[in-house]
file query.txt (compact mmCIF, C-alpha atoms and all ligand atoms)
# COMPACT_ATOMS: atom_id res chain seq x y z
CA MET P 1 93.90 99.37 121.70
CA SER P 2 94.31 99.36 117.95
CA THR P 3 91.23 98.71 115.87
CA THR P 4 90.60 97.43 112.39
CA ASP P 5 87.78 96.04 110.34
CA GLY P 6 90.16 93.36 109.10
CA GLY P 7 91.97 92.64 105.85
CA GLY P 8 90.55 92.28 102.40
CA SER P 9 92.64 94.77 100.47
CA ASP P 10 95.77 94.43 98.43
CA GLY P 11 96.99 97.74 99.83
CA ALA P 12 98.08 100.83 97.97
CA VAL P 13 99.33 100.26 94.47
CA GLY P 14 101.67 102.91 93.19
CA GLU P 15 102.60 103.93 89.71
CA GLY P 16 103.58 100.98 87.56
CA GLY P 17 101.38 98.62 89.64
CA ARG P 18 103.97 98.20 92.38
CA PRO P 19 102.95 98.92 95.96
CA TRP P 20 105.18 101.41 97.72
CA TYR P 21 106.35 98.55 99.99
CA ALA P 22 107.25 96.24 97.07
CA ASP P 23 110.78 95.84 98.44
CA GLY P 24 109.41 94.77 101.83
CA LEU P 25 109.16 96.54 105.17
CA ARG P 26 111.26 96.28 108.30
CA PHE P 27 109.47 95.05 111.41
CA GLU P 28 110.48 93.33 114.64
CA CYS P 29 108.18 93.28 117.67
CA THR P 30 109.77 94.47 120.90
CA GLN P 31 106.84 93.23 123.03
CA CYS P 32 106.08 96.70 124.34
CA GLY P 33 102.33 96.00 124.22
CA ASN P 34 101.39 99.39 122.76
CA CYS P 35 99.34 97.90 119.92
CA CYS P 36 97.26 95.97 122.50
CA SER P 37 96.63 99.12 124.52
CA GLY P 38 96.26 102.88 124.15
CA GLY P 39 92.93 104.56 123.49
CA PRO P 40 89.57 102.79 123.44
CA GLY P 41 89.31 100.30 120.61
CA ALA P 42 88.21 96.83 119.65
CA VAL P 43 89.66 93.41 118.97
CA TRP P 44 87.32 91.61 116.59
CA PHE P 45 87.23 87.85 116.17
CA THR P 46 85.37 85.18 114.22
CA PRO P 47 83.30 82.38 115.81
CA ASP P 48 86.14 79.93 115.11
CA GLU P 49 88.61 82.28 116.77
CA ALA P 50 86.28 82.60 119.77
CA GLU P 51 86.29 78.81 120.11
CA ALA P 52 90.08 78.70 119.88
CA MET P 53 90.42 81.42 122.53
CA ALA P 54 87.87 79.66 124.75
CA ARG P 55 89.93 76.46 124.51
CA ALA P 56 93.09 78.42 125.30
CA VAL P 57 91.62 79.71 128.57
CA GLY P 58 89.87 76.44 129.36
CA LEU P 59 86.28 77.72 129.25
CA PRO P 60 83.18 76.66 127.32
CA PRO P 61 82.53 79.16 124.47
CA GLU P 62 79.50 80.76 126.18
CA ARG P 63 81.42 81.36 129.39
CA PHE P 64 84.35 82.73 127.41
CA LEU P 65 82.11 85.22 125.60
CA GLU P 66 80.54 86.30 128.86
CA GLN P 67 83.79 86.71 130.75
CA TYR P 68 86.20 88.10 128.16
CA THR P 69 84.13 89.86 125.48
CA ARG P 70 81.67 92.74 125.17
CA ARG P 71 79.10 93.78 122.64
CA ILE P 72 79.82 96.74 120.37
CA GLY P 73 76.84 97.33 118.12
CA ALA P 74 76.05 94.06 116.37
CA ARG P 75 79.49 92.55 117.02
CA ARG P 76 81.56 91.39 119.94
CA SER P 77 85.08 92.52 120.85
CA LEU P 78 87.52 91.37 123.49
CA LYS P 79 87.09 93.39 126.67
CA GLU P 80 89.48 96.13 127.75
CA LEU P 81 90.85 96.84 131.20
CA VAL P 82 91.76 100.46 131.93
CA ARG P 83 95.13 100.61 133.68
CA ASP P 84 96.93 103.90 134.25
CA GLY P 85 94.54 105.50 131.77
CA LYS P 86 95.39 102.98 129.03
CA HIS P 87 92.82 100.62 127.54
CA ASP P 88 94.61 97.29 127.71
CA CYS P 89 93.21 94.24 125.97
CA VAL P 90 91.92 91.86 128.62
CA PHE P 91 94.63 89.38 127.60
CA LEU P 92 97.58 91.75 127.82
CA ASP P 93 99.92 90.57 130.57
CA ARG P 94 102.21 93.31 131.89
CA ASP P 95 103.36 91.39 134.97
CA SER P 96 104.92 88.06 133.99
CA ARG P 97 107.96 89.39 132.13
CA PRO P 98 109.68 92.48 133.51
CA GLY P 99 109.73 95.30 130.96
CA LYS P 100 107.55 93.37 128.51
CA ALA P 101 103.84 93.16 127.80
CA VAL P 102 102.78 89.84 126.31
CA CYS P 103 99.64 88.17 125.03
CA GLN P 104 98.28 85.50 127.37
CA ILE P 105 96.63 83.68 124.46
CA TYR P 106 99.37 84.29 121.89
CA LYS P 107 98.89 81.04 119.95
CA ALA P 108 95.11 81.56 119.82
CA ARG P 109 95.10 85.32 119.22
CA PRO P 110 92.68 86.53 116.53
CA THR P 111 93.63 87.36 112.95
CA GLN P 112 93.47 91.07 113.72
CA CYS P 113 96.39 90.58 116.10
CA ARG P 114 98.27 88.06 113.95
CA THR P 115 98.32 90.34 110.94
CA TRP P 116 99.53 93.56 112.63
CA PRO P 117 101.04 95.75 111.21
CA TRP P 118 100.02 94.45 107.77
CA TRP P 119 96.63 96.18 107.87
CA PRO P 120 95.25 98.02 104.81
CA GLU P 121 94.91 101.32 106.68
CA VAL P 122 98.47 101.02 108.01
CA VAL P 123 100.27 100.24 104.75
CA GLU P 124 98.00 102.37 102.58
CA SER P 125 100.91 104.73 102.01
CA GLN P 126 104.31 105.51 103.42
CA ALA P 127 102.64 108.39 105.27
CA THR P 128 100.07 106.12 106.98
CA TRP P 129 102.85 103.67 107.88
CA GLU P 130 104.93 106.44 109.46
CA ASP P 131 101.88 107.94 111.14
CA THR P 132 100.87 104.59 112.69
CA ARG P 133 104.43 103.95 113.85
CA ARG P 134 104.47 107.34 115.58
CA ARG P 135 100.94 107.34 116.98
CA THR P 136 100.77 103.76 118.35
CA PRO P 137 103.74 104.15 119.02
CA CYS P 138 105.13 100.90 117.60
CA PRO P 139 108.91 100.77 118.06
CA GLY P 140 109.06 97.59 115.97
CA MET P 141 107.92 99.22 112.74
CA GLY P 142 110.82 100.25 110.57
CA THR P 143 113.38 98.16 112.47
CA GLY P 144 114.57 94.56 112.36
CA PRO P 145 114.45 92.19 109.41
CA VAL P 146 112.81 93.02 106.11
CA HIS P 147 109.46 91.28 105.64
CA PRO P 148 108.94 90.56 101.94
CA LEU P 149 106.04 91.67 99.80
CA VAL P 150 104.49 88.19 99.81
CA GLU P 151 104.26 88.15 103.61
CA ILE P 152 102.73 91.64 103.70
CA THR P 153 100.23 90.63 101.01
CA ILE P 154 99.21 87.54 103.01
CA GLY P 155 98.71 89.72 106.07
CA LEU P 156 96.57 92.14 104.08
CA SER P 157 94.37 89.29 102.92
CA GLY P 158 93.58 88.41 106.52
CA GLY P 159 96.41 85.96 107.05
CA ARG P 160 95.24 83.70 104.26
CA ASP P 161 97.77 82.84 101.58
CA ARG P 162 95.11 82.93 98.93
S1 LIG X 201 103.45 98.17 119.34
FE1 LIG X 201 104.82 97.16 117.87
S2 LIG X 201 106.65 96.60 119.04
FE2 LIG X 201 104.99 97.05 120.52
S3 LIG X 201 104.02 95.04 120.92
FE3 LIG X 201 102.89 95.98 119.24
S4 LIG X 201 103.89 95.18 117.37
FE4 LIG X 201 105.28 94.82 119.08
S1 LIG X 202 94.48 89.13 122.03
FE1 LIG X 202 96.63 89.27 122.59
S2 LIG X 202 97.65 90.13 120.78
FE2 LIG X 202 95.45 90.55 120.58
S3 LIG X 202 95.14 92.60 121.45
FE3 LIG X 202 94.78 91.08 123.08
S4 LIG X 202 96.76 90.89 124.13
FE4 LIG X 202 97.14 91.86 122.14

call {"tool": "encode", "arguments": {"input": "query.txt", "output": "structure tokens", "more": "lines below"}}
Ligand code: SF4
Ligand code: SF4
result
Amino acid sequence: MSTTDGGGSDGAVGEGGRPWYADGLRFECTQCGNCCSGGPGAVWFTPDEAEAMARAVGLPPERFLEQYTRRIGARRSLKELVRDGKHDCVFLDRDSRPGKAVCQIYKARPTQCRTWPWWPEVVESQATWEDTRRRTPCPGMGTGPVHPLVEITIGLSGGRDR
């Protein structure tokens, strides 16, 4: 599962003050599920996001935390389920749609998930973007419609438009 400490950066600024992705980046999710799986990782969330996820699965917050999350150091992450050697997020559904892997709590998914792939460490440079695309692997990066600079910047700021 991919991991991040969240947004909070404006990303890499190149010469002349323009980020290397100033003209936007191509991205279109294919619902392969790779970014919700892979090696061991963490999906962080805020207390508000925990409440929203608890509502989405119809549990009181305490029961939600007990059933779907685990402690990592001082924080809590969504649990992982190891399937075929891959660490799937507990909410990754590989069964409902043939050939697809979808999020069971898509509308309530945490910011970390909403903002992928507009993470500081991913768009730091063209090299980190290419490396993440290859290592995840994320077949959606570099294909599909161009996402403009403003959208990438909002993602980098944690999904907030200011
Ligand atoms: S790895 Fe990329 S294409 Fe696959 S589900 Fe994640 S965002 Fe979509
Ligand atoms: S909450 Fe949903 S989008 Fe986020 S890692 Fe889990 S399955 Fe993927």

call {"tool": "residues_near_ligand", "arguments": {"input": "query.txt", "ligand": "ligand LIG 201 (chain X)", "cutoff": "9 Å", "atoms": "all atoms listed in the file", "output": "mmCIF file with C-alpha atoms, in the frame of the given file"}}
result
data_model
loop_
_atom_site.group_PDB
_atom_site.id
_atom_site.type_symbol
_atom_site.label_atom_id
_atom_site.label_comp_id
_atom_site.auth_asym_id
_atom_site.auth_seq_id
_atom_site.Cartn_x
_atom_site.Cartn_y
_atom_site.Cartn_z
ATOM 1 C CA PHE P 27 109.470 95.050 111.410
ATOM 2 C CA GLU P 28 110.480 93.330 114.640
ATOM 3 C CA CYS P 29 108.180 93.280 117.670
ATOM 4 C CA THR P 30 109.770 94.470 120.900
ATOM 5 C CA GLN P 31 106.840 93.230 123.030
ATOM 6 C CA CYS P 32 106.080 96.700 124.340
ATOM 7 C CA GLY P 33 102.330 96.000 124.220
ATOM 8 C CA ASN P 34 101.390 99.390 122.760
ATOM 9 C CA CYS P 35 99.340 97.900 119.920
ATOM 10 C CA CYS P 36 97.260 95.970 122.500
ATOM 11 C CA SER P 37 96.630 99.120 124.520
ATOM 12 C CA LYS P 100 107.550 93.370 128.510
ATOM 13 C CA ALA P 101 103.840 93.160 127.800
ATOM 14 C CA VAL P 102 102.780 89.840 126.310
ATOM 15 C CA CYS P 113 96.390 90.580 116.100
ATOM 16 C CA TRP P 116 99.530 93.560 112.630
ATOM 17 C CA PRO P 117 101.040 95.750 111.210
ATOM 18 C CA ARG P 133 104.430 103.950 113.850
ATOM 19 C CA THR P 136 100.770 103.760 118.350
ATOM 20 C CA PRO P 137 103.740 104.150 119.020
ATOM 21 C CA CYS P 138 105.130 100.900 117.600
ATOM 22 C CA PRO P 139 108.910 100.770 118.060
ATOM 23 C CA GLY P 140 109.060 97.590 115.970
ATOM 24 C CA MET P 141 107.920 99.220 112.740
#

call {"tool": "atom_distance", "arguments": {"input": "query.txt", "atom1": "CA of Arg109 (chain P)", "atom2": "CA of Arg70 (chain P)"}}
result
16.5 Å

call {"tool": "residues_near_point", "arguments": {"input": "query.txt", "point": "(92.3, 87.1, 113.4)", "cutoff": "9 Å", "atoms": "all atoms listed in the file", "output": "MDAnalysis selection string"}}
result
chainID P and resid 6 43:46 49 108:115 158:159

call {"tool": "residues_around", "arguments": {"input": "query.txt", "residues": "region 90-96 of chain P", "least_positions_apart": "3", "cutoff": "6 Å", "atoms": "all atoms listed in the file", "output": "list in words"}}
result
Lys79, Glu80, Leu81, Ala101, Val102, Cys103 and Gln104 of chain P

call {"tool": "write_last_selection", "arguments": {"input": "query.txt", "atoms": "C-alpha atoms", "output": "short mmCIF file (atom, residue, chain, number, x, y, z; two decimals), keeping the file's coordinate frame"}}
result
data_model
loop_
_atom_site.label_atom_id
_atom_site.label_comp_id
_atom_site.auth_asym_id
_atom_site.auth_seq_id
_atom_site.Cartn_x
_atom_site.Cartn_y
_atom_site.Cartn_z
CA LYS P 79 87.09 93.39 126.67
CA GLU P 80 89.48 96.13 127.75
CA LEU P 81 90.85 96.84 131.20
CA ALA P 101 103.84 93.16 127.80
CA VAL P 102 102.78 89.84 126.31
CA CYS P 103 99.64 88.17 125.03
CA GLN P 104 98.28 85.50 127.37
#

call {"tool": "closest_residue", "arguments": {"input": "query.txt", "among": "P:Glu124, P:Asp88, P:Asp131, P:Glu62", "to": "ligand LIG 202 (chain X)", "atoms": "only C-alpha atoms and all ligand atoms"}}
result
P:Asp88

call {"tool": "closest_residue", "arguments": {"input": "query.txt", "among": "P:Asp23, P:Pro120, P:Leu78, P:Gly17", "to": "Ile154 (chain P)", "atoms": "only C-alpha atoms"}}
result
P:Pro120

call {"tool": "atom_distance", "arguments": {"input": "query.txt", "atom1": "CA of Gln126 (chain P)", "atom2": "CA of Ser77 (chain P)"}}
result
29.0 Å

call {"tool": "closest_residue", "arguments": {"input": "query.txt", "among": "P:Val82, P:Ala54, P:Ala42, P:Ala74", "to": "ligand LIG 202 (chain X)", "atoms": "all atoms listed in the file"}}
result
P:Ala42

call {"tool": "atom_distance", "arguments": {"input": "query.txt", "atom1": "atom S4 of ligand LIG 202 (chain X)", "atom2": "CA of Gly58 (chain P)"}}
result
16.8 Å

call {"tool": "closest_residue", "arguments": {"input": "query.txt", "among": "P:Val123, P:Ala22, P:Leu156, P:Met53", "to": "ligand LIG 202 (chain X)", "atoms": "all atoms listed in the file"}}
result
P:Met53

call {"tool": "residues_near_point", "arguments": {"input": "query.txt", "point": "(96.3, 101.4, 126.5)", "cutoff": "6 Å", "atoms": "all atoms listed in the file", "output": "ChimeraX atom specification"}}
result
/P:1,37-39,86-88

call {"tool": "write_last_selection", "arguments": {"input": "query.txt", "atoms": "C-alpha atoms", "output": "compact mmCIF listing (two decimals), keeping the file's coordinate frame"}}
result
# COMPACT_ATOMS: atom_id res chain seq x y z
CA MET P 1 93.90 99.37 121.70
CA SER P 37 96.63 99.12 124.52
CA GLY P 38 96.26 102.88 124.15
CA GLY P 39 92.93 104.56 123.49
CA LYS P 86 95.39 102.98 129.03
CA HIS P 87 92.82 100.62 127.54
CA ASP P 88 94.61 97.29 127.71

call {"tool": "closest_residue", "arguments": {"input": "query.txt", "among": "P:Trp119, P:Pro61, P:Gly41, P:Gly16", "to": "ligand LIG 202 (chain X)", "atoms": "only C-alpha atoms and all ligand atoms"}}
result
P:Gly41

call {"tool": "build_atoms", "arguments": {"input": "query.txt", "residues": "region 47-64 of chain P", "atoms": "N, CA and C atoms", "output": "PDB file, in the coordinates of the input"}}
result
ATOM      1  N   PRO P  47      83.772  83.456 114.909  1.00  0.00           N
ATOM      2  CA  PRO P  47      83.300  82.380 115.810  1.00  0.00           C
ATOM      3  C   PRO P  47      84.364  81.299 116.019  1.00  0.00           C
ATOM      4  N   ASP P  48      85.086  80.933 114.950  1.00  0.00           N
ATOM      5  CA  ASP P  48      86.140  79.930 115.110  1.00  0.00           C
ATOM      6  C   ASP P  48      87.242  80.432 116.044  1.00  0.00           C
ATOM      7  N   GLU P  49      87.570  81.709 115.903  1.00  0.00           N
ATOM      8  CA  GLU P  49      88.610  82.280 116.770  1.00  0.00           C
ATOM      9  C   GLU P  49      88.127  82.338 118.219  1.00  0.00           C
ATOM     10  N   ALA P  50      86.827  82.602 118.409  1.00  0.00           N
ATOM     11  CA  ALA P  50      86.280  82.600 119.770  1.00  0.00           C
ATOM     12  C   ALA P  50      86.419  81.210 120.384  1.00  0.00           C
ATOM     13  N   GLU P  51      86.158  80.181 119.591  1.00  0.00           N
ATOM     14  CA  GLU P  51      86.290  78.810 120.110  1.00  0.00           C
ATOM     15  C   GLU P  51      87.733  78.507 120.471  1.00  0.00           C
ATOM     16  N   ALA P  52      88.652  78.942 119.610  1.00  0.00           N
ATOM     17  CA  ALA P  52      90.080  78.700 119.880  1.00  0.00           C
ATOM     18  C   ALA P  52      90.516  79.430 121.148  1.00  0.00           C
ATOM     19  N   MET P  53      90.052  80.669 121.322  1.00  0.00           N
ATOM     20  CA  MET P  53      90.420  81.420 122.530  1.00  0.00           C
ATOM     21  C   MET P  53      89.779  80.788 123.769  1.00  0.00           C
ATOM     22  N   ALA P  54      88.548  80.318 123.626  1.00  0.00           N
ATOM     23  CA  ALA P  54      87.870  79.660 124.750  1.00  0.00           C
ATOM     24  C   ALA P  54      88.664  78.415 125.182  1.00  0.00           C
ATOM     25  N   ARG P  55      89.119  77.646 124.188  1.00  0.00           N
ATOM     26  CA  ARG P  55      89.930  76.460 124.510  1.00  0.00           C
ATOM     27  C   ARG P  55      91.217  76.888 125.214  1.00  0.00           C
ATOM     28  N   ALA P  56      91.806  77.970 124.727  1.00  0.00           N
ATOM     29  CA  ALA P  56      93.090  78.420 125.300  1.00  0.00           C
ATOM     30  C   ALA P  56      92.957  78.804 126.767  1.00  0.00           C
ATOM     31  N   VAL P  57      91.795  79.333 127.152  1.00  0.00           N
ATOM     32  CA  VAL P  57      91.620  79.710 128.570  1.00  0.00           C
ATOM     33  C   VAL P  57      90.855  78.656 129.350  1.00  0.00           C
ATOM     34  N   GLY P  58      90.492  77.557 128.664  1.00  0.00           N
ATOM     35  CA  GLY P  58      89.870  76.440 129.360  1.00  0.00           C
ATOM     36  C   GLY P  58      88.430  76.687 129.773  1.00  0.00           C
ATOM     37  N   LEU P  59      87.689  77.443 128.939  1.00  0.00           N
ATOM     38  CA  LEU P  59      86.280  77.720 129.250  1.00  0.00           C
ATOM     39  C   LEU P  59      85.387  77.255 128.108  1.00  0.00           C
ATOM     40  N   PRO P  60      84.139  76.897 128.408  1.00  0.00           N
ATOM     41  CA  PRO P  60      83.180  76.660 127.320  1.00  0.00           C
ATOM     42  C   PRO P  60      82.952  77.975 126.587  1.00  0.00           C
ATOM     43  N   PRO P  61      82.671  77.931 125.269  1.00  0.00           N
ATOM     44  CA  PRO P  61      82.530  79.160 124.470  1.00  0.00           C
ATOM     45  C   PRO P  61      81.597  80.201 125.092  1.00  0.00           C
ATOM     46  N   GLU P  62      80.452  79.778 125.614  1.00  0.00           N
ATOM     47  CA  GLU P  62      79.500  80.760 126.180  1.00  0.00           C
ATOM     48  C   GLU P  62      80.101  81.491 127.377  1.00  0.00           C
ATOM     49  N   ARG P  63      80.783  80.731 128.214  1.00  0.00           N
ATOM     50  CA  ARG P  63      81.420  81.360 129.390  1.00  0.00           C
ATOM     51  C   ARG P  63      82.539  82.293 128.963  1.00  0.00           C
ATOM     52  N   PHE P  64      83.273  81.873 127.930  1.00  0.00           N
ATOM     53  CA  PHE P  64      84.350  82.730 127.410  1.00  0.00           C
ATOM     54  C   PHE P  64      83.773  84.061 126.941  1.00  0.00           C
TER      55      PHE P  64
END
